[in-house]
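J.: Please see the structure below; I have some questions.
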Amino acid sequence: MKNKFQKNVLVLALLTVLPFIANAEQDNNVVSGEFLIRFSLNATAADKDRVLKRVNGQEVEKIRDKNKKNDKSENDVSLILHNRSDLTPEQAKQKLESDPAVEGVEENQIFHHEVVANDPGLAANYNLWGMYGLTSVPRNDFGSRAADAWSLNKTDCSNVYVGIIDEGIYYTHEDLALNAGKNPKEIAGNGKDDDGNGFIDDVYGWDFAGKNNTVFDGIDDDHGTHVAGTIGAVGNNAKGVAGVCWKVKILNAKFLTNTGGTLANAIKAVDYFTNLKKAGVNIVATNNSWGGGSYSQLLADAIERANQAGILFVAAAGNAANDNDTTPSYPASYLNENVISVAAIDSVGNLASFSNYGKNSVDLAAPGVSILSTVPVKSRGKVVSGYAYYNGTSMATPHVTGAVALYASIYKAQTGVNPTVNQIKAAILTNAITTNSIAGKTNTGARLNVGTF
């Protein structure tokens, strides 16, 4: 098997159902020699140089730099590569941690893919059972009941933005193009950082893996595109599928490729949307259909910055059929108040066989089996619009993210103000429908219900 893992690449799971089988080289759970260092608030340049010299290290990049555009109360965080061959990773970590200018050190973790498609392409008998409800034809009692909301003309989420942290998005797809959000303060194609956020021409978002503004790089960006379609494929256009929101503004922070993405880039992707929100872009939630690895305080801190900015962090519970109460799955298991952790159910209301669960650590379930959505496909050598069925908590999560956007947009339209993170989360959880198969499996024992918004 060809080794897909390149140097400095941290692989995060795309949470679809069948496991990726790693070869021996892929079993390592950290990127060799790389550490994320959080410096103390008063650390000087001389302090940082001293820290690097402890391990003959070099700074690869700054993750957070308080001397630039970030809050000056925030610690600097750097990604470094140590070059002391005489030190084990643990010894190098201890040397770094022992310096008074260092508050914390984390190794750059590796997470593994779990991605596969089911029935790729637009099948003749396709359906959107995950959107169905009591008023839809055909009816499905275990769908999200988005169709019930649609029947009451609750389809328009265009007054809010949703951020997708994932692979890239095929934003020119026939069923997504009208809902491809644009950074309102960025002028396309002028080669300038118009909004001063550090990213040039980030009109549709930013590719942290490729370090450019090209968020779609080809058919390998299928997972992010599939997620986008469930949130916001254009409705009532006689094409393909419909998302929970027929109109919405979707932005993309790409940090995953088909071989994965780094912890450092995950942190930057979360902060990217937080900083856009602080600059006035009405981002209500990010969709996070990825996970794995162990606890990272730095990632938890980034999620908390999003929380303080008023952004929900909707996360896939995982696909290992594990109890997250005893075996946490991150980022879904972080305890930040803005996290909504999502399990998967099938079309007859059973907890999906692959889905993680947790009476205390998972919030609710949503449709995640045989979910049809948008993907890029190749035809005659060109990338064109396509559709495919995927399975996973990755697919359940965007149903909830779409619901967050719909509730937030309805609330704003009715009151003239944006709801808080706590108000939106409470609405999602209190409107959920108690379901026997997930009793004791989530803290609500319930499944997503959009129909009563």
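Residues are referred to by chain and number: the chain letter is A, B, ... according to the order shown in the structure tokens, the number counts from 1 in that chain, and ligands are numbered separately from 1 in the order shown.
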Would you pick out the contacts of stretch 396-399 of chain A at 6 Å or less, using only C-alpha atoms, so that residues sharing its chain but fewer than 5 positions from it are not included, and give the list as a list in words?
T.: Val227, Thr230, Ile231, Ala316, Val342, Ala344, Ala366, Pro367 and Gly368 of chain A
J.: Output the selection as an mmCIF file, in the first residue's frame - N, CA and C atoms for each residue.
T.:
```cif
data_model
loop_
_atom_site.group_PDB
_atom_site.id
_atom_site.type_symbol
_atom_site.label_atom_id
_atom_site.label_comp_id
_atom_site.auth_asym_id
_atom_site.auth_seq_id
_atom_site.Cartn_x
_atom_site.Cartn_y
_atom_site.Cartn_z
ATOM 1 N N VAL A 227 -20.954 17.529 2.953
ATOM 2 C CA VAL A 227 -21.395 18.219 4.166
ATOM 3 C C VAL A 227 -22.132 19.510 3.808
ATOM 4 N N THR A 230 -25.813 19.051 2.602
ATOM 5 C CA THR A 230 -26.806 18.770 3.638
ATOM 6 C C THR A 230 -27.186 20.042 4.392
ATOM 7 N N ILE A 231 -26.233 20.903 4.608
ATOM 8 C CA ILE A 231 -26.527 22.175 5.273
ATOM 9 C C ILE A 231 -27.325 23.093 4.363
ATOM 10 N N ALA A 316 -19.044 15.878 15.020
ATOM 11 C CA ALA A 316 -19.407 14.478 14.848
ATOM 12 C C ALA A 316 -18.914 13.654 16.032
ATOM 13 N N VAL A 342 -22.870 15.083 18.002
ATOM 14 C CA VAL A 342 -23.958 14.481 17.234
ATOM 15 C C VAL A 342 -23.675 13.010 16.908
ATOM 16 N N ALA A 344 -25.433 9.327 15.123
ATOM 17 C CA ALA A 344 -26.162 9.056 13.874
ATOM 18 C C ALA A 344 -27.256 8.019 14.090
ATOM 19 N N ALA A 366 -28.924 12.442 14.829
ATOM 20 C CA ALA A 366 -29.501 13.000 13.608
ATOM 21 C C ALA A 366 -29.273 11.998 12.477
ATOM 22 N N PRO A 367 -29.992 12.138 11.360
ATOM 23 C CA PRO A 367 -29.844 11.189 10.246
ATOM 24 C C PRO A 367 -28.401 11.098 9.753
ATOM 25 N N GLY A 368 -27.884 9.848 9.686
ATOM 26 C CA GLY A 368 -26.505 9.673 9.265
ATOM 27 C C GLY A 368 -26.240 8.418 8.460
#
```
J.: Mind the document's chain letters and residue numbers, and return as a PDB file with C-alpha atoms, in the first residue's frame the residues of stretch 206-383 of chain A that DSSP labels strand (DSSP E or B).
T.:
```pdb
ATOM      1  CA  TRP A 206      -9.089  29.907   3.091  1.00  0.00           C
ATOM      2  CA  ASP A 207      -7.137  26.721   2.376  1.00  0.00           C
ATOM      3  CA  ASN A 212      -3.890  29.852  -0.471  1.00  0.00           C
ATOM      4  CA  LYS A 247     -30.794  29.820   1.237  1.00  0.00           C
ATOM      5  CA  VAL A 248     -27.729  30.335   3.421  1.00  0.00           C
ATOM      6  CA  LYS A 249     -24.212  31.729   3.213  1.00  0.00           C
ATOM      7  CA  ILE A 250     -21.528  29.015   3.432  1.00  0.00           C
ATOM      8  CA  LEU A 251     -17.827  29.752   3.962  1.00  0.00           C
ATOM      9  CA  ASN A 252     -15.017  27.206   3.982  1.00  0.00           C
ATOM     10  CA  ALA A 253     -11.871  26.767   6.060  1.00  0.00           C
ATOM     11  CA  LYS A 254     -10.104  23.894   4.342  1.00  0.00           C
ATOM     12  CA  THR A 257      -6.829  16.936   2.152  1.00  0.00           C
ATOM     13  CA  GLY A 260      -5.527  14.661   6.314  1.00  0.00           C
ATOM     14  CA  ILE A 283     -21.240  33.320  11.565  1.00  0.00           C
ATOM     15  CA  VAL A 284     -23.545  31.308  13.828  1.00  0.00           C
ATOM     16  CA  ALA A 285     -21.857  27.892  13.687  1.00  0.00           C
ATOM     17  CA  THR A 286     -19.036  25.820  12.310  1.00  0.00           C
ATOM     18  CA  ASN A 287     -19.531  22.259  11.105  1.00  0.00           C
ATOM     19  CA  ASN A 288     -16.831  19.852  12.275  1.00  0.00           C
ATOM     20  CA  TRP A 290     -13.755  15.255  11.726  1.00  0.00           C
ATOM     21  CA  GLY A 291     -12.082  13.924  14.827  1.00  0.00           C
ATOM     22  CA  LEU A 312     -21.524  27.105  17.972  1.00  0.00           C
ATOM     23  CA  PHE A 313     -19.148  24.220  17.311  1.00  0.00           C
ATOM     24  CA  VAL A 314     -21.186  21.301  15.926  1.00  0.00           C
ATOM     25  CA  ALA A 315     -19.108  18.095  15.965  1.00  0.00           C
ATOM     26  CA  ALA A 316     -19.407  14.478  14.848  1.00  0.00           C
ATOM     27  CA  ASP A 323     -19.146   5.112  24.513  1.00  0.00           C
ATOM     28  CA  VAL A 339     -20.057  22.193  21.462  1.00  0.00           C
ATOM     29  CA  ILE A 340     -22.972  20.119  20.175  1.00  0.00           C
ATOM     30  CA  SER A 341     -21.957  16.465  19.790  1.00  0.00           C
ATOM     31  CA  VAL A 342     -23.958  14.481  17.234  1.00  0.00           C
ATOM     32  CA  ALA A 343     -24.580  10.729  16.933  1.00  0.00           C
ATOM     33  CA  ALA A 344     -26.162   9.056  13.874  1.00  0.00           C
ATOM     34  CA  ILE A 345     -29.485   7.247  13.406  1.00  0.00           C
ATOM     35  CA  LEU A 351     -28.793   4.236  16.493  1.00  0.00           C
ATOM     36  CA  TYR A 357     -22.734   7.499  21.818  1.00  0.00           C
ATOM     37  CA  LEU A 364     -28.460  14.118  20.327  1.00  0.00           C
ATOM     38  CA  ALA A 365     -28.745  12.000  17.198  1.00  0.00           C
ATOM     39  CA  ALA A 366     -29.501  13.000  13.608  1.00  0.00           C
ATOM     40  CA  PRO A 367     -29.844  11.189  10.246  1.00  0.00           C
ATOM     41  CA  ILE A 371     -27.530  10.370   3.215  1.00  0.00           C
ATOM     42  CA  LEU A 372     -27.653  11.774  -0.300  1.00  0.00           C
ATOM     43  CA  SER A 373     -25.863  15.041  -0.955  1.00  0.00           C
ATOM     44  CA  THR A 374     -23.675  16.995  -3.333  1.00  0.00           C
ATOM     45  CA  VAL A 375     -20.230  15.849  -4.522  1.00  0.00           C
ATOM     46  CA  PRO A 376     -17.829  16.689  -7.335  1.00  0.00           C
ATOM     47  CA  VAL A 377     -17.436  13.969  -9.974  1.00  0.00           C
ATOM     48  CA  LYS A 378     -15.401  13.609 -13.140  1.00  0.00           C
ATOM     49  CA  SER A 379     -17.021  13.325 -16.549  1.00  0.00           C
ATOM     50  CA  LYS A 382     -13.843  17.555 -16.316  1.00  0.00           C
ATOM     51  CA  VAL A 383     -15.118  18.113 -12.784  1.00  0.00           C
TER      52      VAL A 383
END
```
J.: Quick one: of A:Ile165, A:Val31, A:Leu263, A:Ala242, who's nearest to A:Gly402, counting only C-alpha atoms?
T.: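 Among A:Ile165, A:Val31, A:Leu263, A:Ala242, it is A:Ala242 that comes nearest to A:Gly402.
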J.: Taking the DSSP secondary structure from the backbone, can you list the residues of stretch 108-214 of chain A that are alpha helix (DSSP H), as a PyMOL selection string?
T.: chain A and resi 146-150
J.: Mind checking which residues fall within 8 Å of A:Ser437, counting only C-alpha atoms, ignoring those fewer than 2 positions away in the same chain, and posting them as a list in words?
T.: Gly349, Asn350, Leu351, Thr435 and Ala439 of chain A
J.: May I have the residues within 8 Å of stretch 99-107 of chain A as a short mmCIF file (atom, residue, chain, number, x, y, z; two decimals) with N, CA and C atoms, in the first residue's frame, using only C-alpha atoms and disregarding those fewer than 3 positions away in the same chain?
T.:
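New file part_18.cif:
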```cif
data_model
loop_
_atom_site.label_atom_id
_atom_site.label_comp_id
_atom_site.auth_asym_id
_atom_site.auth_seq_id
_atom_site.Cartn_x
_atom_site.Cartn_y
_atom_site.Cartn_z
N VAL A 30 1.81 10.71 16.28
CA VAL A 30 2.30 12.09 16.30
C VAL A 30 3.20 12.30 15.09
N VAL A 31 3.35 13.57 14.72
CA VAL A 31 4.29 13.93 13.67
C VAL A 31 5.67 14.02 14.30
N GLU A 34 7.74 17.27 15.98
CA GLU A 34 7.00 18.52 15.98
C GLU A 34 6.25 18.74 17.30
N PHE A 35 6.31 19.98 17.79
CA PHE A 35 5.62 20.36 19.01
C PHE A 35 4.91 21.70 18.80
N LEU A 36 3.76 21.83 19.44
CA LEU A 36 3.10 23.12 19.57
C LEU A 36 3.45 23.67 20.95
N ILE A 37 3.99 24.88 21.00
CA ILE A 37 4.42 25.49 22.26
C ILE A 37 3.57 26.72 22.55
N ARG A 38 3.01 26.76 23.75
CA ARG A 38 2.33 27.97 24.21
C ARG A 38 3.30 28.71 25.14
N PHE A 39 3.68 29.93 24.73
CA PHE A 39 4.58 30.73 25.54
C PHE A 39 3.80 31.52 26.59
N SER A 40 4.47 31.91 27.65
CA SER A 40 3.85 32.75 28.67
C SER A 40 3.57 34.13 28.07
N ASN A 42 4.29 37.08 28.98
CA ASN A 42 5.38 38.06 29.00
C ASN A 42 6.66 37.54 28.37
N ALA A 43 6.58 36.45 27.61
CA ALA A 43 7.78 35.90 26.98
C ALA A 43 8.32 36.86 25.93
N ASP A 47 13.56 35.13 25.16
CA ASP A 47 13.06 33.93 25.84
C ASP A 47 12.76 32.83 24.84
N LYS A 48 12.13 33.21 23.75
CA LYS A 48 11.73 32.21 22.75
C LYS A 48 12.95 31.60 22.07
N VAL A 51 14.36 29.03 24.39
CA VAL A 51 13.56 27.80 24.39
C VAL A 51 13.93 26.93 23.19
N LYS A 93 10.28 17.10 25.07
CA LYS A 93 9.09 17.75 25.61
C LYS A 93 9.37 18.27 27.02
N LYS A 95 12.28 19.10 28.31
CA LYS A 95 13.20 20.24 28.25
C LYS A 95 12.45 21.53 27.90
N LEU A 96 11.51 21.41 26.98
CA LEU A 96 10.73 22.58 26.59
C LEU A 96 9.83 23.04 27.73
N SER A 296 -6.43 18.00 23.30
CA SER A 296 -5.50 19.10 23.04
C SER A 296 -6.03 20.35 23.72
#
```
J.: Could you check which of A:Met395, A:Val421, A:Leu256, A:Ala408 is closest to A:Asn307, using only C-alpha atoms?
T.: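 Of A:Met395, A:Val421, A:Leu256, A:Ala408, the one nearest A:Asn307 is A:Val421, counting only C-alpha atoms.
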J.: So that I can check the surroundings of A:Phe354, please list as a VMD selection string every protein, DNA and RNA residue that reaches within 8 Å of it, counting only C-alpha atoms and ignoring chain neighbours fewer than 3 positions away.
T.: chain A and resid 17 319 to 321 392
J.: Enter the distance from atom CA of A:Glu167 to atom CA of A:His223, in Å, rounded to one decimal.
T.: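 Value for the atom CA of A:Glu167-atom CA of A:His223 distance: 6.4 Å.
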J.: So, counting only C-alpha atoms, which residue among A:Asn443, A:Ser85, A:Asn29, A:Ser151 is closest to A:Asn108?
T.: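 Closest residue, counting only C-alpha atoms: A:Asn29.
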J.: Have a look at A:Gly451, A:Thr155, A:Asn237, A:Ile428 and name the one nearest to A:Thr401; count only C-alpha atoms.
T.: A:Ile428
